[in-house]
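Raw final-v2.cif, mmCIF, C-alpha atoms, pLDDT in the B column; chains and numbers go by the auth columns:
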```cif
data_structure
#
loop_
_atom_site.group_PDB
_atom_site.id
_atom_site.type_symbol
_atom_site.label_atom_id
_atom_site.label_comp_id
_atom_site.label_asym_id
_atom_site.label_seq_id
_atom_site.Cartn_x
_atom_site.Cartn_y
_atom_site.Cartn_z
_atom_site.B_iso_or_equiv
_atom_site.auth_seq_id
_atom_site.auth_asym_id
ATOM 1 C CA ASP A 1 -13.322 -7.043 -6.349 62.00 1 A
ATOM 2 C CA ALA A 2 -11.112 -9.903 -7.540 82.00 2 A
ATOM 3 C CA GLY A 3 -7.991 -7.786 -7.844 94.00 3 A
ATOM 4 C CA VAL A 4 -5.572 -7.828 -10.769 97.00 4 A
ATOM 5 C CA ILE A 5 -5.585 -11.235 -12.409 97.00 5 A
ATOM 6 C CA GLN A 6 -2.571 -12.570 -14.290 98.00 6 A
ATOM 7 C CA SER A 7 -2.094 -15.764 -16.244 97.00 7 A
ATOM 8 C CA PRO A 8 -0.290 -18.040 -16.443 97.00 8 A
ATOM 9 C CA ARG A 9 1.236 -18.081 -12.963 97.00 9 A
ATOM 10 C CA HIS A 10 4.137 -20.188 -14.194 97.00 10 A
ATOM 11 C CA GLU A 11 5.484 -20.721 -17.688 97.00 11 A
ATOM 12 C CA VAL A 12 8.412 -22.857 -18.733 97.00 12 A
ATOM 13 C CA THR A 13 9.374 -22.686 -22.374 97.00 13 A
ATOM 14 C CA GLU A 14 12.288 -23.262 -24.664 97.00 14 A
ATOM 15 C CA MET A 15 14.415 -20.590 -26.234 97.00 15 A
ATOM 16 C CA GLY A 16 12.905 -19.306 -29.443 96.00 16 A
ATOM 17 C CA GLN A 17 9.298 -19.961 -28.483 97.00 17 A
ATOM 18 C CA GLU A 18 6.638 -17.287 -28.281 97.00 18 A
ATOM 19 C CA VAL A 19 5.355 -16.391 -24.833 98.00 19 A
ATOM 20 C CA THR A 20 2.134 -14.514 -24.114 98.00 20 A
ATOM 21 C CA LEU A 21 1.340 -13.208 -20.649 98.00 21 A
ATOM 22 C CA ARG A 22 -2.131 -11.951 -19.832 98.00 22 A
ATOM 23 C CA CYS A 23 -3.569 -9.435 -17.413 98.00 23 A
ATOM 24 C CA LYS A 24 -7.023 -8.354 -16.320 98.00 24 A
ATOM 25 C CA PRO A 25 -6.892 -5.075 -14.356 97.00 25 A
ATOM 26 C CA ILE A 26 -9.271 -4.042 -11.609 96.00 26 A
ATOM 27 C CA SER A 27 -12.556 -2.802 -13.003 94.00 27 A
ATOM 28 C CA GLY A 28 -12.636 0.989 -13.126 92.00 28 A
ATOM 29 C CA HIS A 29 -8.857 1.389 -13.177 93.00 29 A
ATOM 30 C CA ASN A 30 -7.693 3.226 -16.264 91.00 30 A
ATOM 31 C CA SER A 31 -3.915 2.894 -15.925 92.00 31 A
ATOM 32 C CA LEU A 32 -2.122 -0.400 -16.473 95.00 32 A
ATOM 33 C CA PHE A 33 1.545 -1.172 -15.977 95.00 33 A
ATOM 34 C CA TRP A 34 3.796 -4.089 -16.889 97.00 34 A
ATOM 35 C CA TYR A 35 6.883 -4.701 -14.729 96.00 35 A
ATOM 36 C CA ARG A 36 9.648 -7.283 -14.792 97.00 36 A
ATOM 37 C CA GLN A 37 11.348 -8.368 -11.554 96.00 37 A
ATOM 38 C CA THR A 38 14.734 -10.061 -11.235 93.00 38 A
ATOM 39 C CA MET A 39 17.128 -10.384 -8.329 88.00 39 A
ATOM 40 C CA MET A 40 19.753 -8.330 -10.124 86.00 40 A
ATOM 41 C CA ARG A 41 17.625 -5.445 -11.388 87.00 41 A
ATOM 42 C CA GLY A 42 14.598 -5.401 -9.115 90.00 42 A
ATOM 43 C CA LEU A 43 11.278 -4.164 -10.509 93.00 43 A
ATOM 44 C CA GLU A 44 11.684 -2.590 -13.928 93.00 44 A
ATOM 45 C CA LEU A 45 8.886 -0.665 -15.604 92.00 45 A
ATOM 46 C CA LEU A 46 8.400 -2.034 -19.112 95.00 46 A
ATOM 47 C CA ILE A 47 5.370 -0.139 -20.395 95.00 47 A
ATOM 48 C CA TYR A 48 2.276 1.604 -19.152 91.00 48 A
ATOM 49 C CA PHE A 49 -1.117 2.401 -20.642 94.00 49 A
ATOM 50 C CA ASN A 50 -3.626 5.131 -19.874 92.00 50 A
ATOM 51 C CA ASN A 51 -7.150 4.507 -21.122 93.00 51 A
ATOM 52 C CA ASN A 52 -5.858 1.588 -23.244 94.00 52 A
ATOM 53 C CA VAL A 53 -3.281 3.781 -25.018 94.00 53 A
ATOM 54 C CA PRO A 54 0.452 3.047 -24.572 93.00 54 A
ATOM 55 C CA ILE A 55 2.011 6.135 -23.012 90.00 55 A
ATOM 56 C CA ASP A 56 5.584 5.109 -22.271 88.00 56 A
ATOM 57 C CA ASP A 57 7.234 1.984 -23.653 90.00 57 A
ATOM 58 C CA SER A 58 10.808 3.142 -23.130 88.00 58 A
ATOM 59 C CA GLY A 59 11.394 0.284 -20.707 89.00 59 A
ATOM 60 C CA MET A 60 10.633 -2.434 -23.236 93.00 60 A
ATOM 61 C CA PRO A 61 14.029 -4.059 -23.643 85.00 61 A
ATOM 62 C CA GLU A 62 13.938 -5.049 -27.295 84.00 62 A
ATOM 63 C CA ASP A 63 11.743 -5.425 -30.329 90.00 63 A
ATOM 64 C CA ARG A 64 11.118 -8.980 -29.195 95.00 64 A
ATOM 65 C CA PHE A 65 8.785 -7.527 -26.564 96.00 65 A
ATOM 66 C CA SER A 66 5.382 -6.124 -27.416 96.00 66 A
ATOM 67 C CA ALA A 67 2.330 -5.194 -25.360 97.00 67 A
ATOM 68 C CA LYS A 68 -1.267 -4.528 -26.263 97.00 68 A
ATOM 69 C CA MET A 69 -4.375 -3.384 -24.492 97.00 69 A
ATOM 70 C CA PRO A 70 -7.316 -3.966 -26.840 96.00 70 A
ATOM 71 C CA ASN A 71 -9.882 -2.939 -24.209 95.00 71 A
ATOM 72 C CA ALA A 72 -10.142 -1.682 -20.650 94.00 72 A
ATOM 73 C CA SER A 73 -10.248 -5.159 -19.130 95.00 73 A
ATOM 74 C CA PHE A 74 -7.436 -6.994 -20.885 96.00 74 A
ATOM 75 C CA SER A 75 -3.759 -6.612 -21.715 98.00 75 A
ATOM 76 C CA THR A 76 -1.077 -8.903 -23.092 98.00 76 A
ATOM 77 C CA LEU A 77 2.701 -8.885 -23.004 98.00 77 A
ATOM 78 C CA LYS A 78 4.284 -10.947 -25.738 98.00 78 A
ATOM 79 C CA ILE A 79 7.880 -12.090 -26.133 97.00 79 A
ATOM 80 C CA GLN A 80 8.846 -13.482 -29.523 96.00 80 A
ATOM 81 C CA PRO A 81 11.302 -15.131 -29.749 96.00 81 A
ATOM 82 C CA SER A 82 12.053 -15.775 -26.088 96.00 82 A
ATOM 83 C CA GLU A 83 15.595 -16.036 -24.728 96.00 83 A
ATOM 84 C CA PRO A 84 16.985 -17.409 -21.432 97.00 84 A
ATOM 85 C CA ARG A 85 17.749 -13.863 -20.223 95.00 85 A
ATOM 86 C CA ASP A 86 14.031 -13.115 -20.339 96.00 86 A
ATOM 87 C CA SER A 87 13.542 -15.434 -17.358 97.00 87 A
ATOM 88 C CA ALA A 88 11.960 -13.331 -14.604 97.00 88 A
ATOM 89 C CA VAL A 89 8.701 -12.656 -12.806 98.00 89 A
ATOM 90 C CA TYR A 90 6.436 -10.386 -14.829 98.00 90 A
ATOM 91 C CA PHE A 91 3.934 -8.293 -12.905 98.00 91 A
ATOM 92 C CA CYS A 92 0.925 -6.423 -14.110 98.00 92 A
ATOM 93 C CA ALA A 93 -0.446 -3.568 -11.997 96.00 93 A
ATOM 94 C CA SER A 94 -3.345 -1.173 -12.337 95.00 94 A
ATOM 95 C CA SER A 95 -4.330 2.126 -10.791 92.00 95 A
ATOM 96 C CA ARG A 96 -7.005 4.756 -11.066 87.00 96 A
ATOM 97 C CA GLN A 97 -5.598 7.855 -12.687 73.00 97 A
ATOM 98 C CA GLY A 98 -6.406 11.078 -10.902 65.00 98 A
ATOM 99 C CA THR A 99 -6.183 9.548 -7.437 65.00 99 A
ATOM 100 C CA THR A 100 -3.035 9.316 -5.351 68.00 100 A
ATOM 101 C CA GLY A 101 -2.402 6.455 -7.693 75.00 101 A
ATOM 102 C CA GLU A 102 -1.255 3.543 -5.598 89.00 102 A
ATOM 103 C CA LEU A 103 -0.598 0.484 -7.711 92.00 103 A
ATOM 104 C CA PHE A 104 -2.487 -2.760 -7.283 95.00 104 A
ATOM 105 C CA PHE A 105 -0.359 -5.691 -8.408 97.00 105 A
ATOM 106 C CA GLY A 106 -1.276 -9.104 -9.647 97.00 106 A
ATOM 107 C CA GLU A 107 0.458 -12.184 -8.296 97.00 107 A
ATOM 108 C CA GLY A 108 2.877 -12.268 -11.223 97.00 108 A
ATOM 109 C CA SER A 109 3.806 -14.682 -13.985 98.00 109 A
ATOM 110 C CA ARG A 110 7.061 -16.549 -13.402 98.00 110 A
ATOM 111 C CA LEU A 111 8.724 -17.184 -16.759 98.00 111 A
ATOM 112 C CA THR A 112 11.569 -19.638 -17.241 98.00 112 A
ATOM 113 C CA VAL A 113 13.163 -19.849 -20.668 97.00 113 A
ATOM 114 C CA LEU A 114 15.414 -22.886 -21.097 96.00 114 A
ATOM 115 C CA SER B 1 21.405 8.504 -14.699 59.00 1 B
ATOM 116 C CA GLN B 2 18.295 7.997 -12.582 66.00 2 B
ATOM 117 C CA LYS B 3 18.761 5.800 -9.550 82.00 3 B
ATOM 118 C CA ILE B 4 16.785 4.657 -6.508 88.00 4 B
ATOM 119 C CA GLU B 5 18.792 3.010 -3.757 89.00 5 B
ATOM 120 C CA GLN B 6 17.544 1.262 -0.649 89.00 6 B
ATOM 121 C CA ASN B 7 19.776 0.555 2.315 79.00 7 B
ATOM 122 C CA SER B 8 21.423 -2.818 2.585 68.00 8 B
ATOM 123 C CA GLU B 9 19.767 -5.726 0.938 73.00 9 B
ATOM 124 C CA ALA B 10 18.907 -7.333 4.265 89.00 10 B
ATOM 125 C CA LEU B 11 18.084 -5.986 7.707 92.00 11 B
ATOM 126 C CA ASN B 12 17.705 -8.156 10.814 94.00 12 B
ATOM 127 C CA ILE B 13 16.227 -6.745 14.011 95.00 13 B
ATOM 128 C CA GLN B 14 14.934 -8.036 17.313 97.00 14 B
ATOM 129 C CA GLU B 15 11.197 -8.208 17.901 97.00 15 B
ATOM 130 C CA GLY B 16 9.874 -5.082 19.586 97.00 16 B
ATOM 131 C CA LYS B 17 12.566 -2.799 18.161 97.00 17 B
ATOM 132 C CA THR B 18 12.052 -0.128 15.523 97.00 18 B
ATOM 133 C CA ALA B 19 13.102 -0.984 11.981 95.00 19 B
ATOM 134 C CA THR B 20 14.312 1.912 9.848 96.00 20 B
ATOM 135 C CA LEU B 21 14.609 1.511 6.089 96.00 21 B
ATOM 136 C CA THR B 22 16.155 4.104 3.781 95.00 22 B
ATOM 137 C CA CYS B 23 15.331 5.114 0.239 94.00 23 B
ATOM 138 C CA ASN B 24 17.640 7.524 -1.608 93.00 24 B
ATOM 139 C CA TYR B 25 17.089 8.770 -5.121 91.00 25 B
ATOM 140 C CA THR B 26 18.921 10.861 -7.692 86.00 26 B
ATOM 141 C CA ASN B 27 17.750 12.686 -10.802 79.00 27 B
ATOM 142 C CA TYR B 28 14.057 12.334 -10.086 79.00 28 B
ATOM 143 C CA SER B 29 11.481 14.943 -9.156 78.00 29 B
ATOM 144 C CA PRO B 30 8.781 12.742 -7.678 79.00 30 B
ATOM 145 C CA ALA B 31 5.262 13.923 -7.086 77.00 31 B
ATOM 146 C CA TYR B 32 4.763 11.121 -4.579 85.00 32 B
ATOM 147 C CA LEU B 33 6.888 8.584 -2.807 90.00 33 B
ATOM 148 C CA GLN B 34 5.249 5.295 -1.902 93.00 34 B
ATOM 149 C CA TRP B 35 6.195 2.255 0.141 96.00 35 B
ATOM 150 C CA TYR B 36 5.148 -1.297 -0.672 97.00 36 B
ATOM 151 C CA ARG B 37 5.493 -4.635 1.051 98.00 37 B
ATOM 152 C CA GLN B 38 6.285 -7.795 -0.892 97.00 38 B
ATOM 153 C CA ASP B 39 6.058 -11.315 0.501 97.00 39 B
ATOM 154 C CA PRO B 40 7.797 -14.249 -1.239 95.00 40 B
ATOM 155 C CA GLY B 41 5.957 -15.358 -4.350 93.00 41 B
ATOM 156 C CA ARG B 42 3.463 -12.497 -4.155 96.00 42 B
ATOM 157 C CA GLY B 43 3.011 -9.137 -5.802 97.00 43 B
ATOM 158 C CA PRO B 44 3.877 -5.925 -3.936 97.00 44 B
ATOM 159 C CA VAL B 45 1.152 -4.459 -1.743 97.00 45 B
ATOM 160 C CA PHE B 46 0.781 -0.722 -1.172 95.00 46 B
ATOM 161 C CA LEU B 47 1.371 0.545 2.385 96.00 47 B
ATOM 162 C CA LEU B 48 1.766 4.317 2.494 93.00 48 B
ATOM 163 C CA LEU B 49 2.394 7.316 0.327 91.00 49 B
ATOM 164 C CA ILE B 50 3.799 10.742 1.078 92.00 50 B
ATOM 165 C CA ARG B 51 3.549 13.801 -1.143 88.00 51 B
ATOM 166 C CA GLU B 52 6.445 16.046 -2.054 85.00 52 B
ATOM 167 C CA ASN B 53 5.109 18.833 0.178 87.00 53 B
ATOM 168 C CA GLU B 54 4.684 16.576 3.223 90.00 54 B
ATOM 169 C CA LYS B 55 7.393 15.880 5.785 89.00 55 B
ATOM 170 C CA GLU B 56 5.894 12.933 7.647 94.00 56 B
ATOM 171 C CA LYS B 57 3.030 10.449 7.419 94.00 57 B
ATOM 172 C CA ARG B 58 1.867 7.862 9.942 95.00 58 B
ATOM 173 C CA LYS B 59 -0.349 4.805 9.769 93.00 59 B
ATOM 174 C CA GLU B 60 -0.634 2.619 12.847 95.00 60 B
ATOM 175 C CA ARG B 61 2.927 1.340 13.540 97.00 61 B
ATOM 176 C CA LEU B 62 4.298 2.761 10.286 97.00 62 B
ATOM 177 C CA LYS B 63 5.902 6.156 9.786 97.00 63 B
ATOM 178 C CA VAL B 64 7.336 7.656 6.611 97.00 64 B
ATOM 179 C CA THR B 65 9.410 10.809 6.249 95.00 65 B
ATOM 180 C CA PHE B 66 10.311 12.579 3.032 92.00 66 B
ATOM 181 C CA ASP B 67 13.147 15.058 2.598 89.00 67 B
ATOM 182 C CA THR B 68 13.210 16.436 -0.955 86.00 68 B
ATOM 183 C CA THR B 69 16.395 18.394 -0.224 88.00 69 B
ATOM 184 C CA LEU B 70 18.299 15.274 0.798 90.00 70 B
ATOM 185 C CA LYS B 71 16.334 13.238 -1.786 90.00 71 B
ATOM 186 C CA GLN B 72 15.630 10.669 0.878 92.00 72 B
ATOM 187 C CA SER B 73 12.733 8.870 2.526 93.00 73 B
ATOM 188 C CA LEU B 74 12.871 6.938 5.776 95.00 74 B
ATOM 189 C CA PHE B 75 10.371 4.179 6.570 96.00 75 B
ATOM 190 C CA HIS B 76 9.954 3.153 10.205 97.00 76 B
ATOM 191 C CA ILE B 77 8.149 0.167 11.686 97.00 77 B
ATOM 192 C CA THR B 78 7.786 0.556 15.439 97.00 78 B
ATOM 193 C CA ALA B 79 7.266 -2.337 17.879 97.00 79 B
ATOM 194 C CA SER B 80 8.258 -4.727 15.102 97.00 80 B
ATOM 195 C CA GLN B 81 6.791 -8.222 14.971 97.00 81 B
ATOM 196 C CA PRO B 82 7.891 -11.407 13.179 97.00 82 B
ATOM 197 C CA ALA B 83 4.877 -10.924 10.881 97.00 83 B
ATOM 198 C CA ASP B 84 6.526 -7.732 9.601 98.00 84 B
ATOM 199 C CA SER B 85 9.249 -9.842 7.968 97.00 85 B
ATOM 200 C CA ALA B 86 9.083 -9.164 4.231 97.00 86 B
ATOM 201 C CA THR B 87 10.771 -7.162 1.499 95.00 87 B
ATOM 202 C CA TYR B 88 9.938 -3.461 1.496 97.00 88 B
ATOM 203 C CA LEU B 89 10.098 -1.429 -1.685 96.00 89 B
ATOM 204 C CA CYS B 90 10.049 2.302 -2.177 95.00 90 B
ATOM 205 C CA ALA B 91 8.561 3.713 -5.357 93.00 91 B
ATOM 206 C CA LEU B 92 8.701 7.161 -6.882 90.00 92 B
ATOM 207 C CA ARG B 93 5.770 8.385 -8.883 85.00 93 B
ATOM 208 C CA THR B 94 6.599 11.139 -11.348 79.00 94 B
ATOM 209 C CA GLY B 95 4.246 13.791 -12.664 73.00 95 B
ATOM 210 C CA GLY B 96 4.028 11.751 -15.851 74.00 96 B
ATOM 211 C CA ASN B 97 2.433 8.870 -13.909 76.00 97 B
ATOM 212 C CA GLN B 98 5.415 6.565 -14.174 80.00 98 B
ATOM 213 C CA PHE B 99 6.294 4.559 -11.058 85.00 99 B
ATOM 214 C CA TYR B 100 9.936 3.605 -10.488 89.00 100 B
ATOM 215 C CA PHE B 101 10.927 1.139 -7.779 92.00 101 B
ATOM 216 C CA GLY B 102 13.996 0.624 -5.657 91.00 102 B
ATOM 217 C CA THR B 103 15.517 -2.856 -5.375 88.00 103 B
ATOM 218 C CA GLY B 104 14.035 -3.413 -1.939 92.00 104 B
ATOM 219 C CA THR B 105 15.220 -4.201 1.565 94.00 105 B
ATOM 220 C CA SER B 106 14.567 -7.627 3.043 95.00 106 B
ATOM 221 C CA LEU B 107 13.539 -7.256 6.682 96.00 107 B
ATOM 222 C CA THR B 108 13.680 -10.140 9.153 96.00 108 B
ATOM 223 C CA VAL B 109 12.256 -9.633 12.641 97.00 109 B
ATOM 224 C CA ILE B 110 13.748 -12.152 15.036 96.00 110 B
ATOM 225 C CA PRO B 111 11.495 -13.386 17.859 94.00 111 B
#
```
Could you take the file, read its structure, and then write that structure out as structure tokens?
Amino acid sequence: DAGVIQSPRHEVTEMGQEVTLRCKPISGHNSLFWYRQTMMRGLELLIYFNNNVPIDDSGMPEDRFSAKMPNASFSTLKIQPSEPRDSAVYFCASSRQGTTGELFFGEGSRLTVL
Amino acid sequence: SQKIEQNSEALNIQEGKTATLTCNYTNYSPAYLQWYRQDPGRGPVFLLLIRENEKEKRKERLKVTFDTTLKQSLFHITASQPADSATYLCALRTGGNQFYFGTGTSLTVIP
């Protein structure tokens, strides 16, 4: 299996621009998670999906953030408009619900907002 | 408020010694506690999990303990090697399937 695939790996954009991060989970995994990692706050859970349905989005910082999962093999995290404080590494992870549920992470998308 | 704390941001030990990392939590009732390893520029990788009704788990040179009364987990790496140098994260999985992570401990094993 190819593992969790995220794109882009690096994104540099200017304040006010729209940013879209993409994730392909491991085939057969029915839970998908978006995390944000910074030095100050560590790994923060933003939102997670079960069977393509958002279950808990309480970690999404503001209305500027939105996430979708239109099918079992694809999810997006969108920031519009972006701000410098959104600069971080964004990780997508998937797991198989009903198992002990270890998370499989992608390699992350490093976002820099100037 | 809910909090997960890991001991000291950085831990340096001599090769061959046992590294002990601590994870303390408040205001959670985790179903599982997991440990992950993260190398620079990479995503975290799962190492071990321990259930709330288990006291200890072992896997090769790794050992995890879980004390739900103290709300603490200890993670041990015995006979440490320079290749064990990485950041180690503890994660609590709740019954609602959320996973919450500590800020991590950076371990350096000195040859």
(message) I want to know what sits within 12 Å of Arg85 (chain A), based on all atoms listed in the file, with residues of the same chain fewer than 3 positions away left out; could you give that as an NGL selection string?
(response) :A and (14-16 or 36 or 38 or 40 or 61-62 or 79 or 81-82 or 88-89 or 111-114)
(request) For Leu62 (chain B), please output as JSON, numbers by chain all residues within 10 Å (counting only C-alpha atoms; exclusion window: fewer than 4 positions along the same chain). (result) {"B": [18, 19, 47, 48, 57, 58, 75, 76, 77, 78, 79, 80]}
Same residues, C-alpha atoms, output as an mmCIF file, in the coordinates of the input:
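Full text of out_24.cif as output:
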```cif
data_model
loop_
_atom_site.group_PDB
_atom_site.id
_atom_site.type_symbol
_atom_site.label_atom_id
_atom_site.label_comp_id
_atom_site.auth_asym_id
_atom_site.auth_seq_id
_atom_site.Cartn_x
_atom_site.Cartn_y
_atom_site.Cartn_z
ATOM 1 C CA THR B 18 12.052 -0.128 15.523
ATOM 2 C CA ALA B 19 13.102 -0.984 11.981
ATOM 3 C CA LEU B 47 1.371 0.545 2.385
ATOM 4 C CA LEU B 48 1.766 4.317 2.494
ATOM 5 C CA LYS B 57 3.030 10.449 7.419
ATOM 6 C CA ARG B 58 1.867 7.862 9.942
ATOM 7 C CA PHE B 75 10.371 4.179 6.570
ATOM 8 C CA HIS B 76 9.954 3.153 10.205
ATOM 9 C CA ILE B 77 8.149 0.167 11.686
ATOM 10 C CA THR B 78 7.786 0.556 15.439
ATOM 11 C CA ALA B 79 7.266 -2.337 17.879
ATOM 12 C CA SER B 80 8.258 -4.727 15.102
#
```
(request) With a cut-off of 6 Å and counting all atoms listed in the file, select all residues of chain B in contact with chain A and give the selection as a list in words. (result)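 Taking all atoms listed in the file into account, Arg42, Gly43, Phe101 and Thr103 of chain B sit within 6 Å of chain A.
The coordinates place CA of Pro54 (chain A) at 21.2 Å from CA of Pro30 (chain B).
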(message) Taking all atoms listed in the file into account, name the residue in A:Ser58, A:Val4, A:Leu77, A:Val19 that is nearest to Val45 (chain B).
(response)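 Among the listed residues, the smallest separation from Val45 (chain B) belongs to A:Val4.
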(message) Using all atoms listed in the file, can you tell me which of B:Ile110, B:Ile13, B:Cys23, B:Ile50 comes closest to Leu89 (chain B)?
(response)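 Selected residue with least distance to Leu89 (chain B): B:Cys23.
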(request) List the residues matched by the PyMOL selection byres ((chain B and resi 64-70) around 10) in the displayed structure as an NGL selection string, ordered by chain and then by residue number. (result) :B and (20-26 or 29-30 or 32-35 or 48-59 or 62-63 or 71-77)
(message) Could you tell me how far CA of Ser75 (chain A) sits from CA of Pro25 (chain A), in Å to one decimal place?
(response)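 If I compute the distance from CA of Pro25 (chain A) to CA of Ser75 (chain A), I get 8.1 Å.
CA of Asn97 (chain B) sits 18.1 Å away from CA of Ala67 (chain A).
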Axis-aligned box for all listed atoms of region 32-37 of chain B, 8 Å per side, centre and edges in Å to one decimal, as lines of an AutoDock Vina configuration file:
```
center_x = 5.8
center_y = 3.2
center_z = -1.8
size_x = 18.1
size_y = 31.8
size_z = 21.6
```
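Residue nearest Gly104 (chain B), chosen from B:Lys3, B:Leu92, B:Lys17, B:Ala10 and counting all atoms listed in the file: B:Ala10.
Taking only C-alpha atoms into account, Ser7 (chain A) lies nearest to A:Phe74 out of the set A:Ile26, A:Gln80, A:Phe74, A:Ser66.
Nearest residue to Glu83 (chain A), choosing from A:Asn71, A:Gly3, A:His29, A:Phe65 and counting all atoms listed in the file: A:Phe65.
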